[in-house]
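Chemist: I'd like to ask some things about the structure below.
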Amino acid sequence: MKEMYENLGISPQTLETGNMICRSLKERFEKIDENAEYNQLKVLNALRECRVSEACLLGTTGYGYNDIGRDTLEDVYAHIFNTEAALVRPQITCGTHALALALMSNLRPGDELLSPVGKPYDTLEEVIGIREGNGSLAEYGITYRQVDLLENSEFDFEGIKEAINERTKLVTIQRSKGYQTRKTFSVDEIGRLIAYVKSIKSDIICMVDNCYGEFVERIEPSDVGADMVVGSLIKNPGGGLAPIGGYIAGKKECIEKAAYRLTSPGLGKEVGASLGVLKDLYQGLFLAPTVVANALKTAIFAANLFEQAGFAVIPDSTESRHDIIQAITLSTAEGVCAFCEGIQSAAPVDSFVTPEPWDMPGYDAKVIMAAGAFVSGSSIELSADGPIKPPYAVYFQGGLTWPHGKAGILKAYQTMADKGLL
Ligand SMILES: *Cc1c(COP(=O)(O)O)cnc(C)c1O
């Protein structure tokens with residue numbers, strides 16, 4: 001074993017440090033496996049109840065009328081998320097697109113959008129118009145209000161009550177921390193927030209940005225009152241196999257609005273050929289609970305290793321998990337770059353390239369990304385990224401298999417050690 005790790009450039013000393021941490025995590029890993037077992041059964045039962053057949057795995061072309069595989073997959077998602085309907089399409093190009101679609105289809109000029117959990121994910125700033133964006137909600141006369149979290153990361157209930165007015169149509173709640181150092185909300189906390197919002201104005205549509213949260217817990221935000229949950233298929237629910245796509249699951253009325261916006265008024269869900277991707281969307285969903293478990297083990301391992309090395313980690317080594325992201329504050333640009341270099345060089349694809357910070361569309365600072373992935377940009381695969389700005393935190397996520405996750409984290413650690421950054 002030692003030799004295999006040495007081939008990867010990992011010293012016996014680093015390996016021993018890692019193994020010591022692994023031994024201490026046995027019980028937590030067992031709990032994660034139990035969760036995966038529960039969610040595996042949830043997915044399996046949905047596939048059975050929706051009578052997924054071999055024919056569902058084939059695709060259509062052209063208009064895609066009567067695409068039984070596509071329609072059944074949407075039914076499967078609705079079962080898993082406990083919603084009336086779902087829109088799951090390869091034509092939804094990414095998570096930002098899915099979120100923009102949910103917002104733009106359910107808001108009308110004169111409506112107001114409220115984020116009661118502080119600033120949303122960077123790429124949504126241009127969608128909303130917080131930063132100028134071509135075709136933003138702001139351009140269509142949809143206003144935006146934000147209530148920041150309190151210092152201790154709790155909801156500002158008083159502030160939220162004051163912000164809600166007769167124009168407030170939709171509330172957007174981001175489950176995961178994204179590129180911030182706040183904590184990620186548990187599904188229970190989100191449920192309490194939704195109940196509070198609805199107690200003030202019952203017809204507000206509550207949407208949850210569910211990116212990176214799927215299958216981490218046994219329930220999803222749609223089990224606790226969310227009208228829409230939205231996410232990317234090249235994150236958790238695609239299980240590493242989905243080559244593209246996004247989903248929106250929720251109330252029938254919300255999903256129909258989204259479908260008419262995605263395709264066209266009059267057409268809605270009826271068109272949209274699935275081409276050849278359905279088998280991967282189904283099989284990826286089937287694998288997703290265990291893949292998410294592997295990613296969680298990798299994140300917890302990283303938290304423990306880097307906390308022991310003296311870095312601030314969010315969540316910390318013992319906290320409960322509500323998404324697969326691990327933030328590690330490395331405090332320097334060099335640290336962020338070295339960490340990403342290590343992850344990249346332990347990747348199954350493009351292990352020989354060195355990642356460089358670049359001006360990524362949609363972000364306001366340079367971002368460095370390590371992703372040697374089978375699906376380009378997939379962040380359910382072992383990947384790390386960080387904006388090159390204070391507090392110089394790296395956000396690390398994914399790991400299709402736990403052994404690969406462990407190797408990747410050890411390699412990141414070793415790269416920092418080799419550069420004298422530990
Ligand atoms: C990844 C992510 C998005 C955007 O998804 P993309 O697929 O990168 O467009 C939005 N919100 C959160 C919380 C995310 O993690």
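Identifiers in the structure tokens: chain A, B, ... in order shown; residue index from 1 per chain; ligand index from 1 in order shown.
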Given a cut-off of 6 Å, what residues near ligand 1 show up using only C-alpha atoms and all ligand atoms, put as a PyMOL selection string?
Modeler: chain A and resi 94-96+121+174+176+178+209+211-212+232
Chemist: Restricted to C-alpha atoms, what would the selected residues look like written as an mmCIF file, in the first residue's frame?
Modeler:
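The resulting part29.cif:
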data_model
loop_
_atom_site.group_PDB
_atom_site.id
_atom_site.type_symbol
_atom_site.label_atom_id
_atom_site.label_comp_id
_atom_site.auth_asym_id
_atom_site.auth_seq_id
_atom_site.Cartn_x
_atom_site.Cartn_y
_atom_site.Cartn_z
ATOM 1 C CA CYS A 94 -26.380 23.781 -15.417
ATOM 2 C CA GLY A 95 -27.449 24.729 -11.905
ATOM 3 C CA THR A 96 -27.454 28.464 -12.574
ATOM 4 C CA TYR A 121 -24.519 32.237 -5.009
ATOM 5 C CA GLN A 174 -29.741 28.701 -0.586
ATOM 6 C CA SER A 176 -25.419 25.255 0.833
ATOM 7 C CA GLY A 178 -21.534 28.217 -1.712
ATOM 8 C CA ASP A 209 -31.319 26.190 -4.154
ATOM 9 C CA CYS A 211 -27.183 22.367 -5.032
ATOM 10 C CA TYR A 212 -24.815 19.987 -3.197
ATOM 11 C CA SER A 232 -27.667 20.531 -11.058
#
Chemist: So which residues touch Glu154 of chain A within 12 Å, counting only C-alpha atoms, skipping near sequence neighbours fewer than 4 positions away, as a count of residues only?
Modeler: 19
Chemist: Dump as a Markdown table the rows for residues of segment 253-326 of chain A within 9 Å of segment 233-241 of chain A: closest atom pair and distance in Å with one decimal, only C-alpha atoms counted, ordered by chain and rising residue number.
Modeler:
| residue | atom | partner | partner_atom | distance |
| --- | --- | --- | --- | --- |
| A:Asp280 | CA | A:Leu241 | CA | 5.4 |
| A:Leu281 | CA | A:Gly238 | CA | 6.1 |
| A:Tyr282 | CA | A:Gly238 | CA | 8.2 |
| A:Gln283 | CA | A:Leu241 | CA | 7.1 |
| A:Gly284 | CA | A:Gly239 | CA | 4.1 |
| A:Leu285 | CA | A:Gly238 | CA | 5.3 |
| A:Phe286 | CA | A:Gly239 | CA | 7.4 |
| A:Leu287 | CA | A:Gly239 | CA | 5.4 |
| A:Ala288 | CA | A:Gly239 | CA | 4.0 |
| A:Pro289 | CA | A:Gly239 | CA | 7.7 |
| A:Thr290 | CA | A:Gly239 | CA | 8.3 |
| A:Val291 | CA | A:Gly239 | CA | 5.9 |
| A:Val292 | CA | A:Asn236 | CA | 6.2 |
| A:Ile324 | CA | A:Asn236 | CA | 8.6 |
Chemist: Could you give me, as a tab-separated table (two decimals) with C-alpha atoms, in the first residue's frame, the residues within 9 Å of segment 105-112 of chain A, counting only C-alpha atoms and dropping anything in the same chain fewer than 2 positions from it?
Modeler:
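Printed below is selection-v1.tsv as written:
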chain	number	residue	atom	x	y	z
A	100	ALA	CA	-32.67	31.27	-13.40
A	101	LEU	CA	-35.41	29.27	-15.08
A	102	ALA	CA	-37.30	28.71	-11.83
A	103	LEU	CA	-37.06	32.42	-10.98
A	114	LEU	CA	-36.49	38.07	-1.35
A	137	LEU	CA	-34.74	40.03	-13.47
A	138	ALA	CA	-34.07	43.70	-12.75
A	140	TYR	CA	-37.84	43.07	-16.40
A	141	GLY	CA	-38.87	45.22	-13.44
A	142	ILE	CA	-38.57	42.51	-10.83
A	143	THR	CA	-37.06	43.96	-7.69
A	144	TYR	CA	-34.85	42.24	-5.14
A	145	ARG	CA	-34.47	42.47	-1.41
A	165	ASN	CA	-44.44	43.23	1.61
A	166	GLU	CA	-47.41	42.92	-0.73
A	167	ARG	CA	-45.11	42.54	-3.75
A	168	THR	CA	-43.01	39.73	-2.26
A	169	LYS	CA	-43.77	36.83	-4.58
A	170	LEU	CA	-40.90	34.43	-4.17
A	171	VAL	CA	-38.37	33.66	-1.48
A	205	ILE	CA	-43.44	30.69	-3.32
A	254	CYS	CA	-44.52	26.17	-10.55
A	255	ILE	CA	-43.15	23.34	-12.69
A	256	GLU	CA	-45.56	24.09	-15.52
A	257	LYS	CA	-44.50	27.73	-15.52
A	258	ALA	CA	-40.87	26.62	-15.70
A	259	ALA	CA	-41.60	24.21	-18.55
A	260	TYR	CA	-43.38	26.89	-20.61
A	261	ARG	CA	-40.41	29.16	-20.07
A	262	LEU	CA	-37.79	26.50	-20.90
Chemist: Can you measure atom CA of Tyr77 of chain A to atom CA of Arg321 of chain A for me? One decimal in Å is fine.
Modeler: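 Rounded to one decimal, the two atoms are 22.9 Å apart.
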Chemist: Extract the full set of alpha helix (DSSP H) residues from segment 94-152 of chain A according to DSSP on the backbone, and format it as a list in words.
Modeler: Gly95, Thr96, His97, Ala98, Leu99, Ala100, Leu101, Ala102, Leu103, Met104, Ser105, Asn106, Leu124, Glu125, Glu126, Val127 and Ile128 of chain A
Chemist: Pull N, CA and C atoms from the residues just selected and write them as a compact mmCIF listing (two decimals), in the first residue's frame.
Modeler:
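Final output, result32.txt:
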# COMPACT_ATOMS: atom_id res chain seq x y z
N GLY A 95 -26.68 24.32 -13.08
CA GLY A 95 -27.45 24.73 -11.90
C GLY A 95 -27.94 26.17 -11.99
N THR A 96 -27.06 27.06 -12.44
CA THR A 96 -27.45 28.46 -12.57
C THR A 96 -28.65 28.59 -13.52
N HIS A 97 -28.60 27.85 -14.61
CA HIS A 97 -29.69 27.88 -15.58
C HIS A 97 -30.99 27.39 -14.94
N ALA A 98 -30.91 26.31 -14.18
CA ALA A 98 -32.10 25.76 -13.52
C ALA A 98 -32.69 26.79 -12.55
N LEU A 99 -31.82 27.46 -11.79
CA LEU A 99 -32.28 28.48 -10.84
C LEU A 99 -32.87 29.68 -11.56
N ALA A 100 -32.17 30.13 -12.62
CA ALA A 100 -32.67 31.27 -13.40
C ALA A 100 -34.03 30.94 -13.99
N LEU A 101 -34.16 29.73 -14.48
CA LEU A 101 -35.41 29.27 -15.08
C LEU A 101 -36.55 29.29 -14.05
N ALA A 102 -36.28 28.76 -12.88
CA ALA A 102 -37.30 28.71 -11.83
C ALA A 102 -37.72 30.13 -11.44
N LEU A 103 -36.75 31.04 -11.37
CA LEU A 103 -37.06 32.42 -10.98
C LEU A 103 -37.80 33.16 -12.09
N MET A 104 -37.25 33.09 -13.29
CA MET A 104 -37.80 33.90 -14.38
C MET A 104 -39.18 33.43 -14.80
N SER A 105 -39.48 32.17 -14.59
CA SER A 105 -40.78 31.65 -15.00
C SER A 105 -41.85 31.89 -13.94
N ASN A 106 -41.45 32.06 -12.70
CA ASN A 106 -42.44 32.22 -11.64
C ASN A 106 -42.59 33.65 -11.16
N LEU A 124 -25.74 33.93 -9.42
CA LEU A 124 -27.11 34.44 -9.41
C LEU A 124 -27.16 35.96 -9.34
N GLU A 125 -26.03 36.60 -9.01
CA GLU A 125 -26.02 38.05 -8.92
C GLU A 125 -26.40 38.69 -10.24
N GLU A 126 -25.91 38.11 -11.34
CA GLU A 126 -26.25 38.66 -12.66
C GLU A 126 -27.64 38.24 -13.11
N VAL A 127 -28.10 37.11 -12.62
CA VAL A 127 -29.47 36.67 -12.93
C VAL A 127 -30.47 37.64 -12.30
N ILE A 128 -30.21 37.98 -11.05
CA ILE A 128 -31.13 38.85 -10.31
C ILE A 128 -30.95 40.30 -10.73
